[in-house]
Amino acid sequence: MKLIFLFVVLFSGAALAQNRSGLEFASEEVRRLQASDAENPGMLWVDQGAKLFAQKCASCHASMKGVATRYPALENGRIVTLEGKVRHKEAFAYESDELLALTAYIANQSRGMPIKVNPPAEKLDIGRKAYYSRRGQMNLACAHCHEQNWGKHLGAETLSQGQPNGYPAYRLEWQKMGSLERRIRACMFGLHAELPPYGSDAMRELELFLVWRANGLPIETPAVRR
Amino acid sequence: MRRRKFIGTLTALAVSPHISTTDPLVYSFTQGRPVQPGRIELEIPPLAENNPVRDMAVFYLGAHCPRAEVSSRLRLNGSQQVVAIAELSDGSFWSGAAFVEVREAACTDGG
Amino acid sequence: MALARIDLPQEARRGELVEVRIVIQHPMETGFRRAPQGERVPRNAIHSLVCRYRGIEVFRATLSTGIAANPFLRFFLRATESAELDFWWLDDDDVQGSAKARLNVT
């Protein structure tokens, strides 16, 4: 009986008392960069996205305001990310400038609006389990850093809660814009774990859980991160 | 007042802690003329991350640039001194330096 | 053609100091990076940039790979009359880029 109860407590609900954006853990310079549309390199992709949207999407779609707050979404039981949705008409390659630009533009249209993703509870199970499962040579779960040790230091960096609300984001390490999936893969690479392919089931399930976990946090796209 | 001696050309270099006027990169800019420390302020965050290369940039400000101030973003691969040398329209050279600590990312990214 | 974002005040008075900011989309490849398959990504950075105002060169920069990708530049200009600010640049692959913005001077 006790064991089952423990299992339920460990795996139920969000274990963070309060969601904090990655911005709170960033340096002053990074915060300043993100706050300035004139200097934020991510805005270059937003601009490109606006042009592409006008060319390829505007004939069917009007305003994208609020749309990004609802993704990943469920369509016929299948988890669809914003990237996946954008690819419905034209299959842009994952991490291509076009796909990054379009998703950045669409998410930017929801900048400042809180994430509101509400899938049926059972759809979160796999992603949640993945979040709490150890992986890789380092044998660590996402939760070890981002739930149990956020705010503490890893080298010169402060561990964040690993919130997804700024993606696609301009990461200084990449010297480029990148998607949430790229960031997740980068983290897993750090653990020397197998990297789930872009757009794979495993990736989308984890993303759904991550974004649901971030409910309430305002979208910051294009965020700037280290 | 300082504006009359506007900065004609300014070089930003990454060199060793002391400016060696015989250093080929410095020489290519100053042609051996004396460089005095002072009159340059470098605003650089003390902690940064990323990439290599010694010569960073040269900026040329003309008479239409009334303020001798330029900003950009650099990449550094390790903790080092960042040096800027400016040539004023009166032919004098001035330098300023700032030390930047560079740390590796906590985890390797792998792209 | 590389995208760029130029930031200028909406309007400036004659004789006023104007802050000019530009970000250009460009990888500024150092030539040290390796692609996923292990091959070196060749060096390609913007090395020359010129800004003209009223057709006169007001700012010039020689950049190298030490400048961060998606290069950002900020400098000051004296507003004299309403005219275009014309940026032009060239990279190691001999690809040119340009962008312009209008400065309105009252």
# chains A, B, ... in the order shown; residues from 1 in each chain; ligands from 1

$ residues_around --residues "B:Ser71" --least-positions-apart "6" --cutoff "8 Å" --atoms "only C-alpha atoms" --output "number ranges by chain"
C: 72-75

$ write_last_selection --atoms "C-alpha atoms" --output "mmCIF file, in the first residue's frame"
data_model
loop_
_atom_site.group_PDB
_atom_site.id
_atom_site.type_symbol
_atom_site.label_atom_id
_atom_site.label_comp_id
_atom_site.auth_asym_id
_atom_site.auth_seq_id
_atom_site.Cartn_x
_atom_site.Cartn_y
_atom_site.Cartn_z
ATOM 1 C CA PHE C 72 25.652 44.004 -34.047
ATOM 2 C CA LEU C 73 26.954 47.544 -34.496
ATOM 3 C CA ARG C 74 25.998 50.732 -32.771
ATOM 4 C CA PHE C 75 27.341 54.210 -33.445
#

$ select_by_dssp --residues "chain C" --states "strand (DSSP E or B)" --output "VMD selection string"
chain C and resid 4 to 7 12 17 to 24 29 34 40 44 46 to 53 56 to 63 67 72 to 78 83 to 91 96 to 103 105

$ interface_residues --of "chain B" --to "chain A" --cutoff "6 Å" --atoms "only C-alpha atoms" --output "list in words"
Ala106, Cys107, Thr108 and Asp109 of chain B

$ residues_around --residues "C:Val50" --least-positions-apart "2" --cutoff "9 Å" --atoms "only C-alpha atoms" --output "VMD selection string"
chain C and resid 48 52 57 to 62 86 to 89

$ write_last_selection --atoms "N, CA and C atoms" --output "compact mmCIF listing (two decimals), in the first residue's frame"
# COMPACT_ATOMS: atom_id res chain seq x y z
N SER C 48 33.88 43.65 -44.47
CA SER C 48 33.79 45.08 -44.71
C SER C 48 32.37 45.56 -44.62
N ARG C 52 26.51 54.85 -45.45
CA ARG C 52 26.48 56.17 -46.09
C ARG C 52 25.21 56.90 -45.68
N GLU C 57 30.05 58.72 -46.93
CA GLU C 57 30.44 57.67 -45.99
C GLU C 57 30.59 58.27 -44.60
N VAL C 58 29.83 57.73 -43.65
CA VAL C 58 29.89 58.26 -42.29
C VAL C 58 30.47 57.26 -41.30
N PHE C 59 30.44 55.99 -41.66
CA PHE C 59 30.94 54.96 -40.75
C PHE C 59 31.43 53.78 -41.57
N ARG C 60 32.56 53.26 -41.17
CA ARG C 60 33.11 52.10 -41.87
C ARG C 60 33.68 51.14 -40.83
N ALA C 61 33.56 49.86 -41.11
CA ALA C 61 34.11 48.88 -40.17
C ALA C 61 34.77 47.73 -40.92
N THR C 62 35.90 47.29 -40.40
CA THR C 62 36.54 46.08 -40.89
C THR C 62 36.33 45.08 -39.77
N ASP C 86 22.32 54.24 -45.74
CA ASP C 86 22.56 53.11 -46.63
C ASP C 86 23.68 52.23 -46.12
N PHE C 87 23.36 50.98 -45.76
CA PHE C 87 24.41 50.07 -45.30
C PHE C 87 24.77 49.12 -46.42
N TRP C 88 26.04 48.81 -46.53
CA TRP C 88 26.53 47.82 -47.50
C TRP C 88 27.59 46.99 -46.83
N TRP C 89 27.61 45.69 -47.12
CA TRP C 89 28.66 44.86 -46.54
C TRP C 89 29.07 43.74 -47.48

$ residues_around --residues "C:Glu84" --least-positions-apart "2" --cutoff "7 Å" --atoms "only C-alpha atoms" --output "ChimeraX atom specification"
/C:53-54,86,100-103

$ write_last_selection --atoms "C-alpha atoms" --output "CSV table (one decimal), in the first residue's frame"
chain,number,residue,atom,x,y,z
C,53,TYR,CA,24.3,59.0,-45.1
C,54,ARG,CA,23.2,61.5,-47.8
C,86,ASP,CA,22.6,53.1,-46.6
C,100,LYS,CA,18.6,50.9,-45.8
C,101,ALA,CA,16.5,53.0,-43.5
C,102,ARG,CA,15.2,56.6,-43.7
C,103,LEU,CA,16.2,59.1,-41.2

$ interface_residues --of "chain B" --to "chain C" --cutoff "6 Å" --atoms "only C-alpha atoms" --output "PyMOL selection string"
chain B and resi 53+56-62+64-65+67+70-75

$ write_last_selection --atoms "C-alpha atoms" --output "PDB file, in the first residue's frame"
ATOM      1  CA  VAL B  53      40.708  35.086 -32.945  1.00  0.00           C
ATOM      2  CA  MET B  56      38.513  41.817 -33.684  1.00  0.00           C
ATOM      3  CA  ALA B  57      37.575  44.873 -35.665  1.00  0.00           C
ATOM      4  CA  VAL B  58      38.566  48.293 -36.882  1.00  0.00           C
ATOM      5  CA  PHE B  59      36.048  51.090 -36.868  1.00  0.00           C
ATOM      6  CA  TYR B  60      36.425  54.292 -38.813  1.00  0.00           C
ATOM      7  CA  LEU B  61      34.476  57.236 -37.522  1.00  0.00           C
ATOM      8  CA  GLY B  62      34.306  60.301 -39.702  1.00  0.00           C
ATOM      9  CA  HIS B  64      29.806  63.068 -39.160  1.00  0.00           C
ATOM     10  CA  CYS B  65      30.119  60.857 -36.092  1.00  0.00           C
ATOM     11  CA  ARG B  67      30.419  60.882 -30.585  1.00  0.00           C
ATOM     12  CA  VAL B  70      31.024  52.278 -30.950  1.00  0.00           C
ATOM     13  CA  SER B  71      29.401  49.079 -29.707  1.00  0.00           C
ATOM     14  CA  SER B  72      29.519  45.556 -31.018  1.00  0.00           C
ATOM     15  CA  ARG B  73      29.570  42.001 -29.715  1.00  0.00           C
ATOM     16  CA  LEU B  74      32.742  39.943 -29.453  1.00  0.00           C
ATOM     17  CA  ARG B  75      33.548  36.294 -29.080  1.00  0.00           C
TER      18      ARG B  75
END

$ interface_residues --of "chain A" --to "chain C" --cutoff "12 Å" --atoms "only C-alpha atoms" --output "ChimeraX atom specification"
/A:33,36-49,51,97,101,170-177

$ closest_residue --among "A:Gln55, A:Thr221, A:Asn108, A:Asn118" --to "A:Gly166" --atoms "only C-alpha atoms"
A:Thr221

$ atom_distance --atom1 "atom CA of A:Ala214" --atom2 "atom CA of A:Glu98"
26.1 Å
